[in-house]
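Participant: Below is the file target_6.txt, which contains compact mmCIF, C-alpha atoms.
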# COMPACT_ATOMS: atom_id res chain seq x y z
CA MET F 1 -158.36 -49.10 -78.42
CA ALA F 2 -157.64 -49.87 -74.76
CA GLY F 3 -158.80 -53.43 -75.27
CA LEU F 4 -156.48 -53.87 -78.26
CA ALA F 5 -153.57 -52.41 -76.28
CA PHE F 6 -153.99 -54.74 -73.29
CA GLY F 7 -155.48 -57.80 -74.99
CA GLN F 8 -154.04 -60.67 -76.98
CA GLY F 9 -151.03 -59.47 -78.98
CA GLY F 10 -151.23 -56.01 -77.39
CA ILE F 11 -148.59 -53.86 -75.71
CA LEU F 12 -149.15 -55.34 -72.25
CA PRO F 13 -151.48 -58.38 -72.29
CA LEU F 14 -153.55 -58.70 -69.13
CA ALA F 15 -154.68 -62.31 -69.48
CA THR F 16 -155.50 -62.72 -65.80
CA SER F 17 -158.21 -60.03 -65.97
CA GLU F 18 -160.12 -61.50 -68.93
CA ASP F 19 -162.63 -63.44 -66.83
CA PHE F 20 -163.45 -60.35 -64.77
CA ILE F 21 -163.83 -58.22 -67.90
CA ALA F 22 -166.03 -60.90 -69.51
CA VAL F 23 -168.47 -60.78 -66.59
CA GLY F 24 -168.53 -56.99 -66.78
CA ALA F 25 -169.26 -57.20 -70.51
CA GLU F 26 -172.24 -59.48 -69.90
CA ILE F 27 -173.57 -57.08 -67.26
CA GLY F 28 -173.14 -54.29 -69.81
CA VAL F 29 -175.40 -56.05 -72.30
CA VAL F 30 -178.01 -56.65 -69.59
CA LEU F 31 -177.99 -52.97 -68.56
CA LEU F 32 -178.13 -51.74 -72.17
CA LEU F 33 -181.24 -53.79 -72.92
CA LEU F 34 -182.79 -53.11 -69.51
CA THR F 35 -182.61 -49.33 -69.97
CA LEU F 36 -183.86 -49.71 -73.53
CA GLY F 37 -186.85 -51.68 -72.27
CA LEU F 38 -187.62 -48.96 -69.74
CA GLU F 39 -188.31 -46.61 -72.65
CA TYR F 40 -191.41 -48.60 -73.69
CA ASN F 41 -194.36 -50.37 -72.13
CA ALA F 42 -195.89 -53.81 -72.66
CA GLY F 43 -198.68 -52.57 -74.92
CA GLU F 44 -196.23 -50.88 -77.27
CA LEU F 45 -194.12 -54.03 -77.45
CA VAL F 46 -197.05 -56.32 -78.33
CA SER F 47 -198.42 -53.87 -80.89
CA SER F 48 -194.99 -53.43 -82.47
CA LEU F 49 -194.32 -57.19 -82.68
CA ARG F 50 -197.69 -57.80 -84.31
CA SER F 51 -197.37 -55.02 -86.84
CA ASN F 52 -193.79 -55.96 -87.75
CA ALA F 53 -194.19 -59.75 -87.93
CA ARG F 54 -193.83 -59.70 -91.72
CA ALA F 55 -190.72 -57.55 -91.46
CA GLY F 56 -189.30 -60.11 -89.02
CA LEU F 57 -189.84 -62.90 -91.56
CA VAL F 58 -188.21 -60.82 -94.30
CA ASP F 59 -185.32 -60.18 -91.91
CA ILE F 60 -184.83 -63.94 -91.45
CA VAL F 61 -184.90 -64.66 -95.18
CA LEU F 62 -182.63 -61.83 -96.31
CA ASN F 63 -180.04 -62.19 -93.53
CA ALA F 64 -179.95 -65.95 -92.92
CA ALA F 65 -179.95 -66.97 -96.58
CA PRO F 66 -176.49 -65.55 -97.51
CA GLY F 67 -174.74 -67.53 -94.77
CA ALA F 68 -176.56 -70.77 -95.59
CA ILE F 69 -175.97 -70.39 -99.33
CA ALA F 70 -172.26 -69.62 -98.83
CA ALA F 71 -171.81 -72.74 -96.68
CA LEU F 72 -173.54 -74.94 -99.24
CA LEU F 73 -171.54 -73.49 -102.15
CA LEU F 74 -168.32 -74.16 -100.23
CA GLY F 75 -169.43 -77.75 -99.73
CA TRP F 76 -169.57 -77.66 -95.96
CA GLY F 77 -172.85 -79.55 -95.68
CA PRO F 78 -176.26 -78.85 -94.15
CA VAL F 79 -175.14 -78.57 -90.52
CA ALA F 80 -172.60 -75.88 -91.35
CA ALA F 81 -175.25 -74.18 -93.50
CA VAL F 82 -177.56 -73.92 -90.48
CA ALA F 83 -174.69 -72.57 -88.37
CA MET F 84 -173.68 -69.98 -90.96
CA ALA F 85 -177.31 -68.90 -91.35
CA GLY F 86 -177.30 -67.96 -87.68
CA VAL F 87 -173.99 -66.11 -88.02
CA THR F 88 -175.29 -63.82 -90.77
CA TYR F 89 -178.79 -63.48 -89.28
CA ALA F 90 -178.23 -62.54 -85.65
CA THR F 91 -177.67 -58.91 -84.62
CA SER F 92 -175.84 -57.86 -81.46
CA SER F 93 -178.44 -56.51 -79.05
CA GLY F 94 -175.81 -54.68 -77.02
CA ILE F 95 -174.22 -52.89 -79.96
CA THR F 96 -177.59 -51.92 -81.43
CA ALA F 97 -178.81 -50.54 -78.11
CA LYS F 98 -175.58 -48.57 -77.64
CA VAL F 99 -175.78 -47.04 -81.12
CA LEU F 100 -179.42 -46.01 -80.65
CA SER F 101 -178.57 -44.39 -77.34
CA ASP F 102 -175.37 -42.64 -78.39
CA LEU F 103 -176.93 -41.18 -81.55
CA GLY F 104 -180.02 -39.97 -79.70
CA TRP F 105 -182.39 -42.07 -81.80
CA ILE F 106 -184.46 -43.52 -78.93
CA GLY F 107 -187.36 -41.16 -79.66
CA ASN F 108 -187.30 -41.55 -83.45
CA ARG F 109 -190.34 -43.00 -85.21
CA GLU F 110 -188.35 -45.86 -86.73
CA THR F 111 -186.81 -46.96 -83.41
CA PRO F 112 -189.82 -49.11 -82.30
CA VAL F 113 -189.52 -51.01 -85.58
CA VAL F 114 -185.81 -51.57 -85.01
CA LEU F 115 -186.46 -52.75 -81.46
CA SER F 116 -189.26 -55.08 -82.52
CA LEU F 117 -186.94 -56.68 -85.11
CA LEU F 118 -184.26 -56.96 -82.43
CA VAL F 119 -186.66 -58.72 -80.06
CA PHE F 120 -187.95 -60.85 -82.94
CA GLU F 121 -184.37 -61.96 -83.67
CA ASP F 122 -183.64 -62.75 -80.03
CA LEU F 123 -186.84 -64.78 -79.73
CA ALA F 124 -185.96 -66.58 -82.96
CA MET F 125 -182.55 -67.39 -81.49
CA ALA F 126 -184.31 -69.04 -78.55
CA VAL F 127 -185.56 -71.59 -81.07
CA TYR F 128 -182.44 -71.63 -83.23
CA LEU F 129 -179.74 -72.21 -80.59
CA PRO F 130 -181.21 -75.41 -79.05
CA LEU F 131 -181.81 -76.72 -82.57
CA LEU F 132 -178.24 -75.97 -83.67
CA THR F 133 -176.81 -77.45 -80.47
CA ALA F 134 -178.74 -80.67 -81.04
CA MET F 135 -177.52 -80.86 -84.65
CA LEU F 136 -173.87 -80.26 -83.73
CA ALA F 137 -173.99 -82.74 -80.87
CA GLY F 138 -175.77 -85.32 -83.00
CA VAL F 139 -178.34 -85.99 -80.29
CA SER F 140 -181.63 -87.72 -80.87
CA LEU F 141 -184.75 -85.96 -82.11
CA VAL F 142 -186.40 -86.39 -78.70
CA THR F 143 -183.50 -84.77 -76.84
CA GLY F 144 -183.47 -81.87 -79.29
CA ALA F 145 -187.22 -81.44 -78.96
CA ILE F 146 -186.91 -81.33 -75.15
CA SER F 147 -184.25 -78.59 -75.33
CA LEU F 148 -186.38 -76.64 -77.79
CA GLY F 149 -189.45 -77.03 -75.59
CA ILE F 150 -187.58 -75.73 -72.54
CA ALA F 151 -186.40 -72.67 -74.45
CA LEU F 152 -189.87 -71.91 -75.84
CA GLY F 153 -191.46 -72.44 -72.44
CA THR F 154 -189.00 -70.05 -70.82
CA VAL F 155 -189.70 -67.34 -73.39
CA THR F 156 -193.45 -67.79 -72.97
CA ILE F 157 -193.31 -67.60 -69.17
CA VAL F 158 -191.11 -64.48 -69.19
CA LEU F 159 -193.36 -62.78 -71.75
CA VAL F 160 -196.56 -63.61 -69.85
CA ILE F 161 -195.14 -62.38 -66.54
CA ALA F 162 -193.84 -59.16 -68.10
CA LEU F 163 -197.03 -58.42 -70.03
CA ARG F 164 -199.72 -59.66 -67.65
CA PHE F 165 -198.26 -59.11 -64.21
CA GLY F 166 -196.21 -55.95 -64.70
CA ARG F 167 -198.15 -54.13 -61.99
CA PHE F 168 -197.11 -56.71 -59.38
CA ILE F 169 -193.48 -56.39 -60.46
CA GLU F 170 -193.75 -52.61 -60.13
CA ALA F 171 -195.24 -52.99 -56.63
CA PHE F 172 -192.35 -55.24 -55.61
CA VAL F 173 -189.65 -53.01 -57.09
CA SER F 174 -191.05 -49.64 -56.05
CA SER F 175 -189.27 -47.91 -53.16
CA PRO F 176 -188.96 -44.32 -51.91
CA ASN F 177 -185.25 -44.95 -51.34
CA ASN F 178 -183.11 -44.56 -54.47
CA GLU F 179 -180.48 -47.07 -53.32
CA VAL F 180 -183.10 -49.74 -52.63
CA LEU F 181 -184.84 -49.06 -55.95
CA LEU F 182 -181.53 -49.36 -57.82
CA LEU F 183 -180.64 -52.64 -56.13
CA LYS F 184 -184.10 -54.10 -56.73
CA VAL F 185 -184.22 -53.24 -60.43
CA LEU F 186 -180.63 -54.31 -61.08
CA GLY F 187 -181.00 -57.50 -59.05
CA LEU F 188 -184.24 -58.46 -60.77
CA ALA F 189 -182.76 -57.83 -64.23
CA LEU F 190 -179.65 -59.92 -63.48
CA LEU F 191 -181.76 -62.71 -61.98
CA VAL F 192 -184.13 -62.93 -64.96
CA ALA F 193 -181.29 -62.59 -67.47
CA GLY F 194 -179.31 -65.32 -65.71
CA ILE F 195 -182.24 -67.72 -65.59
CA ALA F 196 -183.01 -67.05 -69.24
CA GLN F 197 -179.42 -67.72 -70.27
CA GLU F 198 -179.24 -70.95 -68.27
CA LEU F 199 -182.36 -72.12 -70.11
CA GLN F 200 -180.77 -71.33 -73.50
CA VAL F 201 -182.63 -68.07 -74.05
CA SER F 202 -180.93 -64.74 -74.73
CA ALA F 203 -180.11 -62.93 -71.48
CA ALA F 204 -180.72 -59.69 -73.36
CA VAL F 205 -184.35 -60.67 -73.97
CA GLY F 206 -184.87 -61.33 -70.26
CA ALA F 207 -183.40 -57.96 -69.30
CA PHE F 208 -185.39 -56.16 -72.00
CA LEU F 209 -188.66 -57.69 -70.77
CA VAL F 210 -187.90 -56.66 -67.18
CA GLY F 211 -187.62 -53.09 -68.46
CA ILE F 212 -190.87 -53.49 -70.41
CA ALA F 213 -192.64 -54.67 -67.25
CA LEU F 214 -191.88 -51.36 -65.53
CA SER F 215 -193.62 -48.23 -66.73
CA GLY F 216 -194.60 -44.67 -65.80
CA GLU F 217 -192.78 -42.70 -63.14
CA LEU F 218 -191.11 -45.81 -61.74
CA ALA F 219 -189.47 -46.53 -65.11
CA HIS F 220 -188.30 -42.91 -65.36
CA GLU F 221 -186.71 -43.05 -61.89
CA ALA F 222 -185.08 -46.41 -62.54
CA ARG F 223 -183.66 -45.23 -65.87
CA ALA F 224 -182.09 -42.16 -64.27
CA LEU F 225 -180.46 -44.30 -61.57
CA LEU F 226 -179.19 -46.92 -64.01
CA MET F 227 -177.66 -44.55 -66.58
CA PRO F 228 -174.22 -44.20 -64.88
CA LEU F 229 -173.95 -47.96 -64.37
CA ARG F 230 -175.06 -48.60 -67.94
CA ASP F 231 -172.43 -46.26 -69.36
CA LEU F 232 -169.70 -47.84 -67.21
CA PHE F 233 -170.46 -51.46 -68.09
CA ALA F 234 -171.26 -50.64 -71.72
CA ALA F 235 -167.69 -49.33 -72.00
CA VAL F 236 -166.45 -52.59 -70.47
CA PHE F 237 -168.55 -54.45 -73.05
CA PHE F 238 -166.55 -52.88 -75.89
CA VAL F 239 -163.23 -53.19 -74.06
CA PHE F 240 -163.89 -56.94 -73.96
CA PHE F 241 -164.10 -57.05 -77.75
CA GLY F 242 -160.71 -55.39 -77.96
CA LEU F 243 -159.19 -57.80 -75.44
CA GLN F 244 -160.34 -60.76 -77.55
CA THR F 245 -158.90 -59.32 -80.79
CA ASP F 246 -155.26 -59.87 -81.69
CA PRO F 247 -154.31 -56.91 -83.96
CA GLY F 248 -151.27 -58.78 -85.30
CA ARG F 249 -153.08 -61.84 -86.62
CA SER F 250 -155.93 -62.78 -88.89
CA ARG F 251 -158.01 -65.82 -87.98
CA PRO F 252 -158.96 -67.77 -91.06
CA TRP F 253 -161.09 -70.81 -90.29
CA ARG F 254 -162.43 -73.74 -92.16
CA CYS F 255 -164.87 -76.59 -91.76
CA SER F 256 -164.42 -80.03 -93.22
CA ARG F 257 -166.91 -81.24 -95.81
CA SER F 258 -168.60 -83.45 -93.25
CA CYS F 259 -168.41 -80.65 -90.63
CA SER F 260 -167.39 -83.22 -88.05
CA ARG F 261 -164.44 -81.15 -86.86
CA TRP F 262 -163.91 -77.42 -86.69
CA SER F 263 -160.34 -76.19 -86.93
CA ALA F 264 -158.50 -72.89 -87.09
CA SER F 265 -155.07 -71.71 -87.98
CA SER F 266 -154.96 -69.79 -84.66
CA PRO F 267 -157.08 -69.58 -81.49
CA SER F 268 -160.65 -68.50 -82.21
CA SER F 269 -161.85 -65.11 -81.09
What would the structure in this file look like if it were written as structure tokens?
Facilitator:
Amino acid sequence: MAGLAFGQGGILPLATSEDFIAVGAEIGVVLLLLTLGLEYNAGELVSSLRSNARAGLVDIVLNAAPGAIAALLLGWGPVAAVAMAGVTYATSSGITAKVLSDLGWIGNRETPVVLSLLVFEDLAMAVYLPLLTAMLAGVSLVTGAISLGIALGTVTIVLVIALRFGRFIEAFVSSPNNEVLLLKVLGLALLVAGIAQELQVSAAVGAFLVGIALSGELAHEARALLMPLRDLFAAVFFVFFGLQTDPGRSRPWRCSRSCSRWSASSPSS
């Protein structure tokens, strides 16, 4: 509600603060997934991904198909169909993590399945986004393959480090001083998330895997220290959505049949 009041079309638009709020929102997503990752260890993640691989494939089919079919029926072409498939398939990691936390569902039996599907989706997006970017830009097959290879390589490296060398990360992060421990964990999460995002991989996945790499008493201490920051920046995350939403306008959009130009009747949200 505060975001709607002070965003586009609100009572007192604060346009000059949008960039600052946007950065805070990104930090909020990182902290939400970092604290969620601290709830589990590497073994649980691998076991959950393996056991829910079929569910991940069903998730792709059932959620991506409606968007792709709608685009094709509207005559927008194959490129728009691929784009719309991603729109209906992807789930917001930040919103999901916030809901699980607020409703007290972290310890529920079904939560590991939800998290594994969330990670599965984010890893799938690491393949999808470079592919979609190449299709929209009309680049060559080689250039697209290079972008895809970089994304896959980044995911593999982050996964291997988190799963195989977690004890070394714990040794580096561990500190008897709470302030130092907080700065180390937060700094490492932001660093990994930033690198992942620059290499076209979800920043949320990077932060989640940093949390997975930490376990035991260290994870418990880090989670307790991060909770106030997480709650603060998670609130900023949702304020940002309100700032970007004009309550007085709808935003219908269309794509030409060739999908060579996207247009809108008003600025996109």
Participant: Pick the closest to Ala53 (chain F) from F:Ala2, F:Leu243, F:Val119, F:Val79: which is it, counting all atoms listed in the file?
Facilitator: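 Ranked by minimum distance to Ala53 (chain F), first place goes to F:Val119.
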Participant: Using all atoms listed in the file, give me every residue within 9 Å of (-185.0, -61.5, -88.6) in file coordinates, as a ChimeraX atom specification.
Facilitator: /F:55-64,89-91,117-118,120-122,124
Participant: Have a look at F:Val127, F:Leu73, F:Ala42, F:Leu218 and name the one nearest to Pro176 (chain F); count all atoms listed in the file.
Facilitator: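 The answer is F:Leu218, which sits nearest to Pro176 (chain F).
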Participant: I need the residue nearest Asn108 (chain F) from this list: F:Leu132, F:Val173, F:Gln197, F:Glu39. Use all atoms listed in the file for the distance.
Facilitator: F:Glu39
Participant: Using only C-alpha atoms, can you tell me which of F:Ile21, F:Leu186, F:Ala83, F:Ala5 comes closest to Met125 (chain F)?
Facilitator: F:Ala83
Participant: So what do you get for CA of Val180 (chain F) versus CA of Ile212 (chain F), distance-wise?
Facilitator: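 Spanning CA of Val180 (chain F) to CA of Ile212 (chain F) is a straight-line distance of 19.8 Å.
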Participant: Using all atoms listed in the file, determine which residues lie at most 6 Å from Gly211 (chain F), disregarding the query and same-chain residues fewer than 6 positions distant; provide the list as a ChimeraX atom specification.
Facilitator: /F:34,37-38
Participant: Counting only C-alpha atoms, which of F:Val99, F:Leu159, F:Leu225, F:Ala134 gets nearest to Ala207 (chain F)?
Facilitator: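 Going through F:Val99, F:Leu159, F:Leu225, F:Ala134 one by one, the smallest distance to Ala207 (chain F) is for F:Leu159.
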Participant: Find the residue from F:Ala85, F:Val185, F:Val29, F:Ala204 that sits nearest to Asp231 (chain F); use all atoms listed in the file when measuring.
Facilitator: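 Of F:Ala85, F:Val185, F:Val29, F:Ala204, the one nearest Asp231 (chain F) is F:Val29, counting all atoms listed in the file.
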Participant: Applying 7 Å and all atoms listed in the file, which residues near Ala203 (chain F) remain after dropping the ones on its own chain fewer than 2 positions away? List them as a PyMOL selection string.
Facilitator: chain F and resi 30+193-194+196-197+201+205-207
Participant: Can those selected residues be exported to a file as a PDB file, in the frame of the given file so that it contains C-alpha atoms?
Facilitator:
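Below is the file that was written, result-v3.pdb:
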ATOM      1  CA  VAL F  30    -178.010 -56.650 -69.590  1.00  0.00           C
ATOM      2  CA  ALA F 193    -181.290 -62.590 -67.470  1.00  0.00           C
ATOM      3  CA  GLY F 194    -179.310 -65.320 -65.710  1.00  0.00           C
ATOM      4  CA  ALA F 196    -183.010 -67.050 -69.240  1.00  0.00           C
ATOM      5  CA  GLN F 197    -179.420 -67.720 -70.270  1.00  0.00           C
ATOM      6  CA  VAL F 201    -182.630 -68.070 -74.050  1.00  0.00           C
ATOM      7  CA  VAL F 205    -184.350 -60.670 -73.970  1.00  0.00           C
ATOM      8  CA  GLY F 206    -184.870 -61.330 -70.260  1.00  0.00           C
ATOM      9  CA  ALA F 207    -183.400 -57.960 -69.300  1.00  0.00           C
TER      10      ALA F 207
END
Participant: Between CA of Ile95 (chain F) and CA of Glu179 (chain F), what distance in Å does the model show, to one decimal?
Facilitator: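 That distance, rounded to one decimal, is 28.0 Å.
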Participant: Measure the distance from CA of Ala81 (chain F) to CA of Leu123 (chain F) in Å and round it to one decimal.
Facilitator: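 Going from CA of Ala81 (chain F) over to CA of Leu123 (chain F) covers 20.3 Å.
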Participant: Counting only C-alpha atoms, what is within 10 Å of Asn178 (chain F), bar same-chain residues fewer than 6 positions away, as a list in words?
Facilitator: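 Counting only the stated atoms, we get Lys184, Glu221, Ala222 and Leu225 of chain F.
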